[in-house]
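Below is the file query_2.cif, which contains mmCIF, C-alpha atoms.
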```
data_protein
#
loop_
_atom_site.label_atom_id
_atom_site.label_comp_id
_atom_site.auth_asym_id
_atom_site.auth_seq_id
_atom_site.Cartn_x
_atom_site.Cartn_y
_atom_site.Cartn_z
CA GLY A 668 148.12 91.96 64.67
CA GLU A 669 149.31 94.81 62.53
CA SER A 670 148.04 98.34 62.99
CA VAL A 671 148.60 100.81 60.18
CA GLY A 672 147.72 104.48 60.47
CA LEU A 673 148.01 107.57 58.36
CA HIS A 674 148.88 110.98 59.74
CA LEU A 675 146.46 113.04 57.65
CA PRO A 676 143.18 111.90 56.09
CA THR A 677 143.26 114.64 53.43
CA LEU A 678 145.91 116.58 51.55
CA SER A 679 145.34 119.51 49.20
CA VAL A 680 148.28 120.38 46.97
CA GLN A 681 148.89 122.91 44.22
CA GLU A 682 149.55 121.46 40.80
CA GLY A 683 153.29 121.25 40.24
CA ASP A 684 154.17 121.11 43.93
CA ASN A 685 155.50 118.04 45.69
CA SER A 686 153.21 115.88 47.86
CA ILE A 687 154.21 113.93 50.94
CA ILE A 688 151.94 111.30 52.48
CA ASN A 689 152.92 109.70 55.77
CA CYS A 690 152.09 106.36 57.32
CA ALA A 691 152.93 104.68 60.63
CA TYR A 692 152.91 100.99 61.42
CA SER A 693 153.07 99.11 64.68
CA ASN A 694 154.71 95.74 64.08
CA SER A 695 158.50 95.77 64.18
CA ALA A 696 158.44 92.42 62.32
CA SER A 697 156.90 94.07 59.24
CA ASP A 698 159.16 93.44 56.28
CA TYR A 699 157.23 94.54 53.20
CA PHE A 700 155.64 97.93 52.55
CA ILE A 701 153.58 99.07 49.61
CA TRP A 702 151.68 102.13 48.43
CA TYR A 703 148.48 101.87 46.42
CA LYS A 704 146.47 104.51 44.61
CA GLN A 705 142.70 104.18 44.40
CA GLU A 706 140.63 106.30 42.07
CA SER A 707 136.90 106.66 42.58
CA GLY A 708 135.01 103.49 41.70
CA LYS A 709 138.15 101.49 40.98
CA GLY A 710 140.38 98.98 42.68
CA PRO A 711 143.74 99.79 44.29
CA GLN A 712 146.61 100.20 41.85
CA PHE A 713 150.24 99.54 42.72
CA ILE A 714 152.48 102.61 42.96
CA ILE A 715 155.69 101.50 44.61
CA ASP A 716 156.94 99.06 47.22
CA ILE A 717 159.94 98.61 49.47
CA ARG A 718 161.35 95.84 51.62
CA SER A 719 162.80 96.23 55.09
CA ASN A 720 166.39 95.84 53.90
CA MET A 721 166.12 99.22 52.17
CA ASP A 722 165.32 102.73 53.40
CA LYS A 723 164.61 104.45 50.09
CA ARG A 724 163.31 103.49 46.70
CA GLN A 725 162.51 105.66 43.70
CA GLY A 726 160.13 105.23 40.82
CA GLN A 727 158.82 107.54 38.17
CA ARG A 728 157.98 110.78 40.07
CA VAL A 729 157.51 108.80 43.30
CA THR A 730 159.83 108.01 46.18
CA VAL A 731 159.15 105.80 49.19
CA LEU A 732 161.10 106.34 52.39
CA LEU A 733 161.19 103.80 55.20
CA ASN A 734 162.33 104.59 58.74
CA LYS A 735 162.29 101.32 60.68
CA THR A 736 163.52 102.96 63.86
CA VAL A 737 160.31 104.94 64.29
CA LYS A 738 158.17 102.61 62.15
CA HIS A 739 157.34 105.30 59.64
CA LEU A 740 156.77 105.18 55.92
CA SER A 741 156.26 108.04 53.48
CA LEU A 742 155.35 108.51 49.85
CA GLN A 743 156.64 111.53 47.99
CA ILE A 744 155.11 112.56 44.67
CA ALA A 745 157.12 115.03 42.65
CA ALA A 746 155.46 117.72 40.50
CA THR A 747 151.94 116.64 41.43
CA GLN A 748 149.52 116.51 38.51
CA PRO A 749 145.68 116.56 38.36
CA GLY A 750 145.76 112.85 37.53
CA ASP A 751 147.35 112.21 40.92
CA SER A 752 144.08 113.11 42.66
CA ALA A 753 143.01 109.91 44.40
CA VAL A 754 143.04 108.09 47.72
CA TYR A 755 146.46 106.73 48.68
CA PHE A 756 146.86 103.73 50.95
CA CYS A 757 149.91 102.33 52.63
CA ALA A 758 149.90 98.62 53.40
CA VAL A 759 152.33 96.36 55.23
CA SER A 760 152.92 92.68 55.74
CA SER A 761 155.15 90.68 58.03
CA GLN A 762 157.41 87.76 57.38
CA GLY A 763 155.39 84.57 57.17
CA ASP A 764 152.10 86.45 56.79
CA TYR A 765 151.10 86.85 53.16
CA LYS A 766 148.22 89.24 53.69
CA LEU A 767 148.54 93.02 53.60
CA SER A 768 147.22 95.27 56.37
CA PHE A 769 145.97 98.61 55.07
CA GLY A 770 145.88 102.07 56.56
CA ALA A 771 142.76 104.24 56.32
CA GLY A 772 143.89 106.23 53.30
CA THR A 773 144.80 109.84 52.48
CA THR A 774 142.67 111.69 49.96
CA VAL A 775 144.89 113.85 47.75
CA THR A 776 143.25 116.73 45.90
CA VAL A 777 145.29 118.61 43.33
CA ARG A 778 144.40 122.30 42.84
CA ALA A 779 144.85 123.76 39.37
CA ASN B 1406 147.20 89.54 30.07
CA ALA B 1407 143.91 89.85 31.87
CA GLY B 1408 144.09 91.19 35.38
CA VAL B 1409 142.00 90.07 38.33
CA MET B 1410 138.42 89.78 37.14
CA GLN B 1411 135.51 90.31 39.47
CA ASN B 1412 131.80 90.02 38.82
CA PRO B 1413 129.30 91.32 39.20
CA ARG B 1414 130.62 94.88 39.44
CA HIS B 1415 127.39 95.98 41.09
CA LEU B 1416 124.88 93.87 42.96
CA VAL B 1417 121.66 94.91 44.67
CA ARG B 1418 120.00 92.60 47.17
CA ARG B 1419 117.13 92.89 49.60
CA ARG B 1420 117.63 92.02 53.24
CA GLY B 1421 117.59 88.26 53.75
CA GLN B 1422 118.72 87.36 50.23
CA GLU B 1423 122.03 85.79 49.29
CA ALA B 1424 124.92 87.50 47.53
CA ARG B 1425 127.55 85.64 45.53
CA LEU B 1426 130.66 87.47 44.38
CA ARG B 1427 133.09 85.87 41.96
CA CYS B 1428 136.78 86.41 41.40
CA SER B 1429 139.12 85.01 38.78
CA PRO B 1430 142.76 85.62 39.72
CA MET B 1431 145.44 86.69 37.31
CA LYS B 1432 146.77 83.92 35.10
CA GLY B 1433 149.38 81.92 36.95
CA HIS B 1434 148.30 83.15 40.39
CA SER B 1435 147.29 80.55 42.92
CA HIS B 1436 146.61 82.76 45.95
CA VAL B 1437 143.41 84.76 46.37
CA TYR B 1438 142.49 87.33 48.99
CA TRP B 1439 139.16 89.01 49.74
CA TYR B 1440 138.97 92.48 51.28
CA ARG B 1441 135.98 94.61 52.26
CA GLN B 1442 135.89 98.39 52.00
CA LEU B 1443 133.25 100.50 53.67
CA PRO B 1444 132.68 104.06 52.38
CA GLU B 1445 135.50 106.45 53.31
CA GLU B 1446 137.51 103.65 54.92
CA GLY B 1447 140.48 101.45 54.14
CA LEU B 1448 140.45 97.87 53.02
CA LYS B 1449 139.86 95.26 55.70
CA PHE B 1450 141.20 91.76 55.21
CA MET B 1451 138.60 89.00 55.19
CA VAL B 1452 140.07 85.74 53.92
CA TYR B 1453 143.08 84.25 52.15
CA LEU B 1454 142.72 81.13 50.04
CA GLN B 1455 144.78 78.84 47.90
CA LYS B 1456 143.28 76.28 45.55
CA GLU B 1457 140.83 74.17 47.56
CA ASN B 1458 142.18 75.49 50.87
CA ILE B 1459 141.31 78.32 53.22
CA ILE B 1460 144.61 79.51 54.66
CA ASP B 1461 143.52 82.43 56.84
CA GLU B 1462 139.92 83.46 57.53
CA SER B 1463 140.63 85.59 60.57
CA GLY B 1464 138.83 88.60 59.04
CA MET B 1465 135.64 86.78 58.10
CA PRO B 1466 132.51 87.25 60.19
CA LYS B 1467 131.70 83.98 61.95
CA GLU B 1468 128.19 83.75 60.55
CA ARG B 1469 126.64 84.17 57.10
CA PHE B 1470 129.96 84.62 55.26
CA SER B 1471 131.85 81.88 53.45
CA ALA B 1472 134.51 81.68 50.79
CA GLU B 1473 135.86 79.01 48.51
CA PHE B 1474 138.45 78.64 45.78
CA PRO B 1475 137.75 75.37 43.99
CA LYS B 1476 140.18 73.42 41.88
CA GLU B 1477 138.38 74.62 38.77
CA GLY B 1478 136.66 77.97 38.39
CA PRO B 1479 136.69 81.27 40.22
CA SER B 1480 136.84 82.03 43.90
CA ILE B 1481 133.43 82.72 45.41
CA LEU B 1482 132.58 84.94 48.37
CA ARG B 1483 129.09 84.06 49.58
CA ILE B 1484 127.03 86.16 51.95
CA GLN B 1485 123.83 84.58 53.20
CA GLN B 1486 120.83 86.47 54.60
CA VAL B 1487 122.34 89.84 53.80
CA VAL B 1488 121.76 92.83 56.10
CA ARG B 1489 122.17 96.53 55.39
CA GLY B 1490 125.54 96.55 57.14
CA ASP B 1491 126.89 94.22 54.46
CA SER B 1492 126.67 97.05 51.93
CA ALA B 1493 130.26 97.67 50.88
CA ALA B 1494 132.77 97.23 48.10
CA TYR B 1495 134.35 93.78 48.10
CA PHE B 1496 137.74 93.51 46.50
CA CYS B 1497 139.54 90.42 45.40
CA ALA B 1498 143.31 90.30 45.00
CA SER B 1499 145.69 87.63 43.80
CA SER B 1500 149.37 86.85 44.00
CA PRO B 1501 151.69 84.20 42.60
CA GLY B 1502 152.33 83.08 46.15
CA ASP B 1503 155.69 81.54 45.50
CA SER B 1504 157.90 84.35 46.74
CA GLY B 1505 156.70 85.17 50.23
CA THR B 1506 155.35 88.61 50.96
CA GLY B 1507 154.79 90.82 47.97
CA GLU B 1508 152.42 92.84 45.86
CA LEU B 1509 148.78 91.90 45.69
CA PHE B 1510 147.03 92.57 42.38
CA PHE B 1511 143.52 93.89 42.88
CA GLY B 1512 140.36 93.64 40.82
CA GLU B 1513 137.95 96.51 40.28
CA GLY B 1514 135.68 95.32 43.06
CA SER B 1515 132.08 94.25 43.49
CA ARG B 1516 129.80 96.83 45.04
CA LEU B 1517 127.02 95.31 47.09
CA THR B 1518 124.00 97.38 48.04
CA VAL B 1519 121.49 95.88 50.45
CA LEU B 1520 118.08 97.51 50.41
#
```

Render the structure in this file as structure tokens.
Amino acid sequence: GESVGLHLPTLSVQEGDNSIINCAYSNSASDYFIWYKQESGKGPQFIIDIRSNMDKRQGQRVTVLLNKTVKHLSLQIAATQPGDSAVYFCAVSSQGDYKLSFGAGTTVTVRA
Amino acid sequence: NAGVMQNPRHLVRRRGQEARLRCSPMKGHSHVYWYRQLPEEGLKFMVYLQKENIIDESGMPKERFSAEFPKEGPSILRIQQVVRGDSAAYFCASSPGDSGTGELFFGEGSRLTVL
């Protein structure tokens, strides 16, 4: 099965600084990677995703980097804002397996 | 367009009672997934269903838990004879299912408290 782990359970960042959240996965057959944001009392919300044929993808203020050699995934948030405070999860799935396997989550706290 | 709808949002049960959680997928989605989240933890896969079929139930406890997704109506996650350890947030997600791996769209969750 797939094992997904995060490097740090918590991250405190000054408002306006950049945030980087890291994630490692175990299955070299993983081909789809996604980041979700979960605010307190709510369900996970899509942030950005990337497939294994890419190594970088950018969205609005967010960038996902994929390093398949070391099975590492990161989420970068530019100019972090108070509204970015939440728990961030990485999730992966493998070809032929529709379900997503989630990491434990990183709690991001933005300091004013 | 309505997203994934789950109800009830909060449910309190006493030990030994039954809990039924309902999930209506997004319009046009035929694949439903149930995940469980314990406090301060990530989401753990329970079961993956298509209409009238259970595709993967590898994350479901062998006893007391069952899931269905009938031809008509919402998907139901049923927990019989609940115990305190069943207290958790249960999330439903859906996908179109016609394009392989991809984003799952999550509901707001049902929070079960067992007294």

Hey, list the chain A side of the contact with chain B: 8 Å cut-off, all atoms listed in the file, answer as a ChimeraX atom specification.
-> /A:699,701,708-713,716,756,760-772

Run the PyMOL selection byres ((chain A and resi 678) around 8) on the file and write out the hits as a VMD selection string.
-> chain A and resid 675 to 677 679 to 680 773 to 776

Pairwise distance, CA of Ile744 (chain A) with CA of Thr730 (chain A), equals 6.7 Å

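Coordinates place CA of Val1519 (chain B) at a distance of 4.9 Å from CA of Arg1418 (chain B).
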
Could you expand the PyMOL selection byres ((chain A and resi 735) around 12) into the explicit residues it covers here, written as a list in words?
-> Cys690, Ala691, Tyr692, Ser693, Asn694, Ser695, Ala696, Ser697, Asp698, Tyr699, Phe700, Ile717, Arg718, Ser719, Asn720, Met721, Asp722, Lys723, Leu732, Leu733, Asn734, Thr736, Val737, Lys738, His739, Leu740 and Ser741 of chain A

Which centre and edge lengths in Å to one decimal define the box along x, y and z that fits every listed atom of region 712-723 of chain A plus 3 Å per side, as AutoDock Vina command-line options?
```
--center_x 156.5 --center_y 100.1 --center_z 48.5 --size_x 25.8 --size_y 14.6 --size_z 19.2
```

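With the shown file loaded, the PyMOL selection byres ((chain B and resi 1412) around 8) picks out Met1410, Gln1411, Pro1413, Arg1414, His1415, Leu1426, Arg1427, Cys1428, Gly1514 and Ser1515 of chain B.
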
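CA of Val1487 (chain B) lies 10.8 Å from CA of Glu1468 (chain B).
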
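Counting only C-alpha atoms and comparing A:Val759, A:Ile715, A:Val777, A:Val754, the residue that lies closest to Gly683 (chain A) is A:Val777.
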
Write out as a PDB file with C-alpha atoms, keeping the file's coordinate frame the residues lying within 12 Å of Ser1492 (chain B), counting only C-alpha atoms and excluding same-chain residues fewer than 6 positions away.
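Generated file (selection_19.pdb):
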```pdb
ATOM      1  CA  HIS B1415     127.390  95.980  41.090  1.00  0.00           C
ATOM      2  CA  LEU B1416     124.880  93.870  42.960  1.00  0.00           C
ATOM      3  CA  VAL B1417     121.660  94.910  44.670  1.00  0.00           C
ATOM      4  CA  ARG B1418     120.000  92.600  47.170  1.00  0.00           C
ATOM      5  CA  ARG B1419     117.130  92.890  49.600  1.00  0.00           C
ATOM      6  CA  ARG B1420     117.630  92.020  53.240  1.00  0.00           C
ATOM      7  CA  ALA B1424     124.920  87.500  47.530  1.00  0.00           C
ATOM      8  CA  ARG B1441     135.980  94.610  52.260  1.00  0.00           C
ATOM      9  CA  GLN B1442     135.890  98.390  52.000  1.00  0.00           C
ATOM     10  CA  LEU B1443     133.250 100.500  53.670  1.00  0.00           C
ATOM     11  CA  PRO B1444     132.680 104.060  52.380  1.00  0.00           C
ATOM     12  CA  ILE B1484     127.030  86.160  51.950  1.00  0.00           C
ATOM     13  CA  SER B1515     132.080  94.250  43.490  1.00  0.00           C
ATOM     14  CA  ARG B1516     129.800  96.830  45.040  1.00  0.00           C
ATOM     15  CA  LEU B1517     127.020  95.310  47.090  1.00  0.00           C
ATOM     16  CA  THR B1518     124.000  97.380  48.040  1.00  0.00           C
ATOM     17  CA  VAL B1519     121.490  95.880  50.450  1.00  0.00           C
ATOM     18  CA  LEU B1520     118.080  97.510  50.410  1.00  0.00           C
TER      19      LEU B1520
END
```

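Taking all atoms listed in the file into account, Lys1476 (chain B) lies nearest to B:Gln1455 out of the set B:Val1409, B:Gln1455, B:Pro1430, B:Pro1501.
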
Selection: 7 Å around Ile714 (chain A), only C-alpha atoms, excl. self and same-chain fewer than 6 positions, as a PyMOL selection string = chain A and resi 702-704
